[in-house]
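Input: a single structure, listed below in structure tokens.
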Amino acid sequence: MSTVELEQLRVYMYIIGTGIAVVIFYYYIIHLYRSEKKGKKDYEKYGRLAIDDELDSKPLEENSKLDNEKKE
């Protein structure tokens, strides 16, 4: 293969890789949007985690595994 052919192959692979990354990224955004609409998760509270970062802050969600260990 000549250097021109290798350069074309590199460009094609870059375009294909970028396209795949964009599709995966958009699918992830759609997944987050749908799960928040259905009420499975509230991702807004995770966004507020960086702002409300005190030691005495209330936990975002309860850990049922930790609660079971405390009961035993």
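How things are named: the first chain in the structure tokens is A, the next is B, and so on; residues count from 1 in each chain; ligands count from 1 in the order shown.
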message = When you look at stretch 19-34 of chain A with a cut-off of 8 Å (counting only C-alpha atoms), what residues show up, excluding the ones that are within fewer than 4 positions of it in the same chain? I need them as a ChimeraX atom specification.
response = /A:15,38,43
Which of stretch 3-58 of chain A fall in helix (DSSP H, G or I), as a short mmCIF file (atom, residue, chain, number, x, y, z; two decimals) with N, CA and C atoms, in the first residue's frame:
```cif
data_model
loop_
_atom_site.label_atom_id
_atom_site.label_comp_id
_atom_site.auth_asym_id
_atom_site.auth_seq_id
_atom_site.Cartn_x
_atom_site.Cartn_y
_atom_site.Cartn_z
N THR A 3 1.49 5.39 0.51
CA THR A 3 1.16 6.31 1.60
C THR A 3 -0.17 7.02 1.34
N VAL A 4 -0.51 7.23 0.07
CA VAL A 4 -1.79 7.87 -0.26
C VAL A 4 -2.94 6.95 0.14
N GLU A 5 -2.80 5.66 -0.16
CA GLU A 5 -3.84 4.70 0.20
C GLU A 5 -3.96 4.56 1.71
N LEU A 6 -2.85 4.57 2.41
CA LEU A 6 -2.88 4.50 3.88
C LEU A 6 -3.55 5.74 4.48
N GLU A 7 -3.26 6.89 3.89
CA GLU A 7 -3.87 8.13 4.37
C GLU A 7 -5.38 8.11 4.13
N GLN A 8 -5.83 7.61 2.99
CA GLN A 8 -7.27 7.50 2.73
C GLN A 8 -7.92 6.52 3.70
N LEU A 9 -7.27 5.41 3.96
CA LEU A 9 -7.79 4.43 4.91
C LEU A 9 -7.91 5.05 6.30
N ARG A 10 -6.90 5.82 6.69
CA ARG A 10 -6.94 6.49 8.00
C ARG A 10 -8.10 7.46 8.09
N VAL A 11 -8.34 8.21 7.01
CA VAL A 11 -9.45 9.17 7.00
C VAL A 11 -10.78 8.43 7.07
N TYR A 12 -10.93 7.36 6.32
CA TYR A 12 -12.18 6.59 6.36
C TYR A 12 -12.42 6.00 7.75
N MET A 13 -11.39 5.48 8.36
CA MET A 13 -11.54 4.92 9.70
C MET A 13 -11.89 6.01 10.72
N TYR A 14 -11.32 7.19 10.55
CA TYR A 14 -11.63 8.31 11.44
C TYR A 14 -13.10 8.69 11.30
N ILE A 15 -13.59 8.77 10.08
CA ILE A 15 -14.98 9.14 9.85
C ILE A 15 -15.92 8.08 10.41
N ILE A 16 -15.61 6.82 10.18
CA ILE A 16 -16.45 5.73 10.69
C ILE A 16 -16.42 5.71 12.22
N GLY A 17 -15.25 5.87 12.80
CA GLY A 17 -15.13 5.89 14.26
C GLY A 17 -15.88 7.05 14.89
N THR A 18 -15.78 8.22 14.27
CA THR A 18 -16.50 9.38 14.78
C THR A 18 -18.01 9.17 14.66
N GLY A 19 -18.45 8.59 13.57
CA GLY A 19 -19.87 8.31 13.39
C GLY A 19 -20.40 7.34 14.44
N ILE A 20 -19.63 6.30 14.72
CA ILE A 20 -20.04 5.34 15.75
C ILE A 20 -20.09 6.00 17.12
N ALA A 21 -19.11 6.84 17.43
CA ALA A 21 -19.09 7.53 18.72
C ALA A 21 -20.30 8.47 18.86
N VAL A 22 -20.67 9.15 17.78
CA VAL A 22 -21.82 10.05 17.81
C VAL A 22 -23.11 9.26 18.04
N VAL A 23 -23.25 8.13 17.36
CA VAL A 23 -24.45 7.31 17.53
C VAL A 23 -24.55 6.80 18.97
N ILE A 24 -23.45 6.33 19.53
CA ILE A 24 -23.46 5.85 20.91
C ILE A 24 -23.79 6.98 21.87
N PHE A 25 -23.22 8.14 21.66
CA PHE A 25 -23.47 9.30 22.52
C PHE A 25 -24.94 9.69 22.48
N TYR A 26 -25.54 9.78 21.29
CA TYR A 26 -26.94 10.15 21.18
C TYR A 26 -27.85 9.07 21.78
N TYR A 27 -27.51 7.80 21.62
CA TYR A 27 -28.29 6.74 22.24
C TYR A 27 -28.25 6.87 23.77
N TYR A 28 -27.10 7.22 24.32
CA TYR A 28 -26.97 7.41 25.76
C TYR A 28 -27.83 8.58 26.24
N ILE A 29 -27.84 9.67 25.48
CA ILE A 29 -28.66 10.82 25.85
C ILE A 29 -30.14 10.44 25.82
N ILE A 30 -30.55 9.71 24.79
CA ILE A 30 -31.95 9.28 24.70
C ILE A 30 -32.29 8.35 25.86
N HIS A 31 -31.38 7.46 26.21
CA HIS A 31 -31.60 6.56 27.35
C HIS A 31 -31.80 7.35 28.64
N LEU A 32 -30.96 8.36 28.89
CA LEU A 32 -31.11 9.17 30.09
C LEU A 32 -32.43 9.91 30.09
N TYR A 33 -32.80 10.46 28.95
CA TYR A 33 -34.05 11.22 28.85
C TYR A 33 -35.26 10.32 29.11
N ARG A 34 -35.27 9.14 28.49
CA ARG A 34 -36.41 8.23 28.66
C ARG A 34 -36.51 7.71 30.09
N SER A 35 -35.40 7.36 30.70
CA SER A 35 -35.46 6.83 32.06
C SER A 35 -35.88 7.91 33.05
N GLU A 36 -35.53 9.16 32.78
CA GLU A 36 -35.97 10.23 33.67
C GLU A 36 -37.46 10.51 33.46
N LYS A 37 -37.94 10.42 32.23
CA LYS A 37 -39.36 10.63 31.95
C LYS A 37 -40.22 9.53 32.59
N LYS A 38 -39.71 8.29 32.58
CA LYS A 38 -40.46 7.17 33.17
C LYS A 38 -40.41 7.20 34.69
N TYR A 43 -31.90 12.26 37.44
CA TYR A 43 -30.51 12.65 37.19
C TYR A 43 -30.22 14.10 37.58
N GLU A 44 -31.26 14.87 37.85
CA GLU A 44 -31.04 16.24 38.29
C GLU A 44 -30.36 16.28 39.65
N LYS A 45 -30.71 15.34 40.52
CA LYS A 45 -30.09 15.35 41.85
C LYS A 45 -28.61 14.99 41.78
N TYR A 46 -28.22 14.19 40.80
CA TYR A 46 -26.80 13.90 40.62
C TYR A 46 -26.06 15.14 40.09
N GLY A 47 -26.74 15.95 39.32
CA GLY A 47 -26.15 17.19 38.83
C GLY A 47 -25.92 18.19 39.97
#
```
